[in-house]
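Dropping target-v7.txt in here (compact mmCIF, C-alpha atoms and all ligand atoms):
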```
# COMPACT_ATOMS: atom_id res chain seq x y z
CA MET A 1 0.00 0.00 0.00
CA THR A 2 1.34 3.39 -0.93
CA GLU A 3 2.05 6.22 1.48
CA ILE A 4 -0.15 9.31 1.46
CA SER A 5 2.56 11.34 -0.23
CA GLY A 6 3.39 8.64 -2.82
CA GLN A 7 1.63 6.98 -5.72
CA ARG A 8 -2.14 6.77 -5.66
CA PRO A 9 -3.42 3.28 -4.85
CA SER A 10 -5.17 1.26 -7.56
CA TRP A 11 -8.95 0.95 -7.25
CA ASP A 12 -8.56 -2.59 -5.90
CA GLU A 13 -6.03 -1.42 -3.31
CA TYR A 14 -8.26 1.54 -2.43
CA PHE A 15 -11.39 -0.52 -1.80
CA LEU A 16 -9.52 -3.29 0.03
CA SER A 17 -7.93 -0.71 2.32
CA ILE A 18 -11.40 0.62 3.14
CA ALA A 19 -12.61 -2.96 3.75
CA ARG A 20 -9.74 -3.34 6.20
CA GLU A 21 -11.02 -0.35 8.16
CA VAL A 22 -14.56 -1.81 8.07
CA ALA A 23 -13.11 -4.96 9.67
CA THR A 24 -12.13 -3.01 12.78
CA ARG A 25 -15.87 -2.90 13.71
CA SER A 26 -16.05 -6.71 13.95
CA THR A 27 -17.45 -8.14 17.19
CA CYS A 28 -16.02 -11.65 16.83
CA LEU A 29 -13.09 -12.52 19.06
CA ARG A 30 -11.50 -14.95 16.63
CA ARG A 31 -11.19 -12.94 13.47
CA HIS A 32 -11.89 -9.45 12.12
CA VAL A 33 -13.08 -9.37 8.51
CA GLY A 34 -14.47 -6.50 6.43
CA ALA A 35 -16.27 -6.45 3.07
CA LEU A 36 -17.49 -3.85 0.59
CA ILE A 37 -19.82 -4.19 -2.37
CA VAL A 38 -18.89 -1.78 -5.16
CA ARG A 39 -20.32 -1.00 -8.57
CA ASP A 40 -18.96 1.56 -11.04
CA ARG A 41 -16.37 2.56 -8.41
CA ARG A 42 -19.11 3.51 -5.95
CA ILE A 43 -19.52 1.78 -2.59
CA LEU A 44 -23.02 0.28 -2.33
CA CYS A 45 -22.72 -1.20 1.16
CA SER A 46 -20.30 -2.64 3.68
CA GLY A 47 -20.25 -5.42 6.24
CA TYR A 48 -18.07 -6.90 8.95
CA ASN A 49 -18.37 -10.21 10.73
CA GLY A 50 -20.70 -9.85 13.67
CA SER A 51 -23.99 -11.04 15.13
CA PRO A 52 -27.32 -10.22 13.46
CA PRO A 53 -29.30 -7.39 15.14
CA GLY A 54 -30.73 -8.42 18.50
CA GLN A 55 -28.30 -11.29 18.98
CA PRO A 56 -25.54 -11.18 21.60
CA HIS A 57 -22.05 -10.34 20.40
CA CYS A 58 -18.98 -12.54 20.81
CA THR A 59 -17.34 -9.60 22.58
CA ASP A 60 -20.07 -9.82 25.28
CA VAL A 61 -20.73 -13.54 25.65
CA GLY A 62 -17.84 -15.25 23.86
CA CYS A 63 -17.70 -17.03 20.54
CA LEU A 64 -19.98 -19.99 19.77
CA ILE A 65 -17.67 -22.59 18.29
CA GLU A 66 -18.83 -25.47 16.10
CA ASP A 67 -16.40 -27.54 14.02
CA GLY A 68 -13.63 -25.09 14.86
CA ARG A 69 -15.53 -22.03 13.60
CA CYS A 70 -17.52 -19.31 15.30
CA ILE A 71 -21.16 -19.69 14.22
CA ARG A 72 -22.52 -16.77 16.27
CA THR A 73 -21.62 -14.22 13.61
CA LEU A 74 -22.61 -13.58 10.04
CA HIS A 75 -19.57 -13.33 7.79
CA ALA A 76 -18.58 -9.91 6.47
CA GLU A 77 -19.70 -10.82 2.94
CA GLN A 78 -23.06 -12.06 4.29
CA ASN A 79 -23.59 -8.85 6.27
CA ALA A 80 -22.77 -6.72 3.23
CA ILE A 81 -25.26 -8.68 1.08
CA THR A 82 -27.97 -8.52 3.76
CA GLN A 83 -27.38 -4.78 4.16
CA ALA A 84 -28.01 -4.40 0.43
CA ALA A 85 -31.24 -6.41 0.78
CA LEU A 86 -32.32 -4.39 3.81
CA HIS A 87 -31.90 -1.11 1.97
CA GLY A 88 -33.19 -2.27 -1.40
CA VAL A 89 -29.87 -1.90 -3.23
CA SER A 90 -29.29 -4.21 -6.20
CA THR A 91 -25.96 -6.05 -6.17
CA GLN A 92 -26.33 -7.22 -9.78
CA GLY A 93 -23.06 -6.85 -11.66
CA ALA A 94 -21.18 -5.59 -8.58
CA THR A 95 -17.72 -6.41 -7.23
CA LEU A 96 -17.26 -7.66 -3.67
CA TYR A 97 -14.08 -6.74 -1.79
CA CYS A 98 -13.17 -8.73 1.29
CA THR A 99 -10.17 -8.84 3.62
CA CYS A 100 -10.14 -12.65 3.52
CA ARG A 101 -11.01 -15.34 1.00
CA PRO A 102 -14.68 -16.31 0.78
CA CYS A 103 -15.93 -19.55 2.34
CA HIS A 104 -18.28 -21.84 0.40
CA VAL A 105 -21.42 -20.38 2.00
CA CYS A 106 -20.39 -16.82 1.10
CA ALA A 107 -19.39 -17.99 -2.38
CA ARG A 108 -22.90 -19.30 -2.99
CA MET A 109 -24.45 -16.09 -1.64
CA ILE A 110 -22.13 -14.03 -3.87
CA VAL A 111 -23.33 -16.01 -6.90
CA GLY A 112 -26.96 -15.70 -5.81
CA ALA A 113 -26.60 -11.94 -5.37
CA GLY A 114 -25.47 -11.51 -8.99
CA ILE A 115 -21.99 -10.33 -7.99
CA VAL A 116 -19.59 -10.80 -10.90
CA ARG A 117 -16.14 -10.26 -9.33
CA VAL A 118 -14.54 -10.97 -5.96
CA VAL A 119 -11.29 -9.34 -4.79
CA PHE A 120 -9.68 -10.38 -1.52
CA PHE A 121 -6.44 -10.73 0.40
CA GLY A 122 -5.16 -14.27 -0.09
CA ASP A 123 -4.32 -16.82 -2.77
CA ALA A 124 -7.56 -18.59 -3.68
CA PRO A 125 -11.03 -19.18 -2.23
CA GLU A 126 -11.13 -22.17 0.09
CA GLY A 127 -11.91 -25.58 -1.42
CA TRP A 128 -15.38 -25.83 -2.81
CA ALA A 129 -15.83 -22.03 -2.87
CA SER A 130 -13.39 -21.89 -5.79
CA ASP A 131 -15.52 -24.34 -7.79
CA VAL A 132 -18.74 -22.47 -7.01
CA LEU A 133 -17.34 -19.12 -8.15
CA ARG A 134 -15.64 -20.54 -11.25
CA ASP A 135 -18.73 -22.46 -12.37
CA ALA A 136 -20.80 -19.27 -12.07
CA GLY A 137 -18.27 -17.26 -14.07
CA VAL A 138 -17.38 -14.98 -11.16
CA LEU A 139 -13.95 -13.38 -11.65
CA VAL A 140 -11.66 -14.02 -8.68
CA SER A 141 -8.65 -11.87 -7.76
CA GLY A 142 -6.53 -12.79 -4.76
CA LEU A 143 -4.04 -10.08 -3.77
CA PRO A 144 -1.17 -10.17 -1.25
CA GLU A 145 -2.03 -8.22 1.90
CA PRO A 146 0.18 -5.13 2.15
CA PRO A 147 1.34 -3.62 5.44
CA ARG A 148 -0.85 -0.87 6.84
CA ARG A 149 0.04 2.70 5.96
CA SER A 150 0.91 3.38 9.55
CA ASP A 151 1.58 0.87 12.27
CA THR A 152 1.27 3.57 14.88
CA GLY A 153 -2.52 3.81 14.63
CA TRP A 154 -5.09 6.45 13.78
CA ASP A 155 -3.61 9.37 15.68
CA LYS A 156 -0.38 9.25 13.75
CA LEU A 157 -2.19 8.72 10.44
CA ILE A 158 -4.50 11.71 10.97
CA LEU A 159 -1.62 13.97 12.01
CA GLN A 160 0.47 13.19 8.92
ZN ZN B 201 -17.11 -15.14 17.39
ZN ZN B 202 -17.98 -16.76 4.57
```
Can you turn what I pasted into structure tokens?
Ligand SMILES: [Zn+2]
Ligand SMILES: [Zn+2]
Amino acid sequence: MTEISGQRPSWDEYFLSIAREVATRSTCLRRHVGALIVRDRRILCSGYNGSPPGQPHCTDVGCLIEDGRCIRTLHAEQNAITQAALHGVSTQGATLYCTCRPCHVCARMIVGAGIVRVVFFGDAPEGWASDVLRDAGVLVSGLPEPPRRSDTGWDKLILQ
């Protein structure tokens, strides 16, 4: 990721860096993930992994682990897609940005939501998710995760 005074980031870098900030709102203790849904370089909606409204958060009552995964939370991609549904925003033809590779459930929701491209930090979607996305013709771009602009936190970044 480029410094503020250096080269401008690419669109993919730009949206993934915003998704990384979205992830800081996560309420799961195991992992913080952020997602954005974008069309025509405009952000349609965002999501982070956390409990649905009205449900207790992992940060309050602990994670609910089944088969090694926390099942209390919706995944960031799922929350972004449900936010679009809640607000009546079409995701047809959109790109989804996520700070981690999609799981097979998210992959199927991405296909169902008419999303045509997925960009994430990582190599490839996990296992079956790869097949689901490929069979649906969804373009997949895995990018290496760059270091943050500042490892000294917000205060330093804002003061620069
Ligand atoms: Zn959790
Ligand atoms: Zn998922």
Segment 97-110 of chain A environment, 7 Å, all atoms listed in the file, sequence neighbours closer than 2 positions dropped, as a ChimeraX atom specification:
/A:15-16,19-20,33-37,77-78,95,112-115,118-122,124-126,128-129,132-133
Contact table chain A vs ligand ZN 201 (chain B), cut-off 9 Å, shortest pair per residue, only C-alpha atoms and all ligand atoms, as a tab-separated table:
```
residue	atom	partner	partner_atom	distance
A:Thr27	CA	B:ZN201	ZN	7.0
A:Cys28	CA	B:ZN201	ZN	3.7
A:Leu29	CA	B:ZN201	ZN	5.1
A:Arg30	CA	B:ZN201	ZN	5.7
A:Arg31	CA	B:ZN201	ZN	7.4
A:Asn49	CA	B:ZN201	ZN	8.4
A:Gly50	CA	B:ZN201	ZN	7.4
A:Ser51	CA	B:ZN201	ZN	8.3
A:His57	CA	B:ZN201	ZN	7.5
A:Cys58	CA	B:ZN201	ZN	4.7
A:Thr59	CA	B:ZN201	ZN	7.6
A:Gly62	CA	B:ZN201	ZN	6.5
A:Cys63	CA	B:ZN201	ZN	3.7
A:Leu64	CA	B:ZN201	ZN	6.1
A:Ile65	CA	B:ZN201	ZN	7.5
A:Arg69	CA	B:ZN201	ZN	8.0
A:Cys70	CA	B:ZN201	ZN	4.7
A:Ile71	CA	B:ZN201	ZN	6.9
A:Arg72	CA	B:ZN201	ZN	5.8
A:Thr73	CA	B:ZN201	ZN	6.0
```
Compare A:Ile18, A:Ala136, A:Val38, A:Ala76 by their minimum atom-to-atom distance to ligand ZN 202 (chain B), counting only C-alpha atoms and all ligand atoms, and give me the closest one.
A:Ala76
Please determine, counting all atoms listed in the file, which residue among A:Thr24, A:Asn79, A:Ser17, A:Ser10 has the shortest atom-to-atom distance to Pro147 of chain A.
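Nearest to Pro147 of chain A: A:Ser17.
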To one decimal in Å, tell me the separation between atom CA of Ala85 of chain A and atom CA of Arg25 of chain A.
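So the answer is 20.4 Å.
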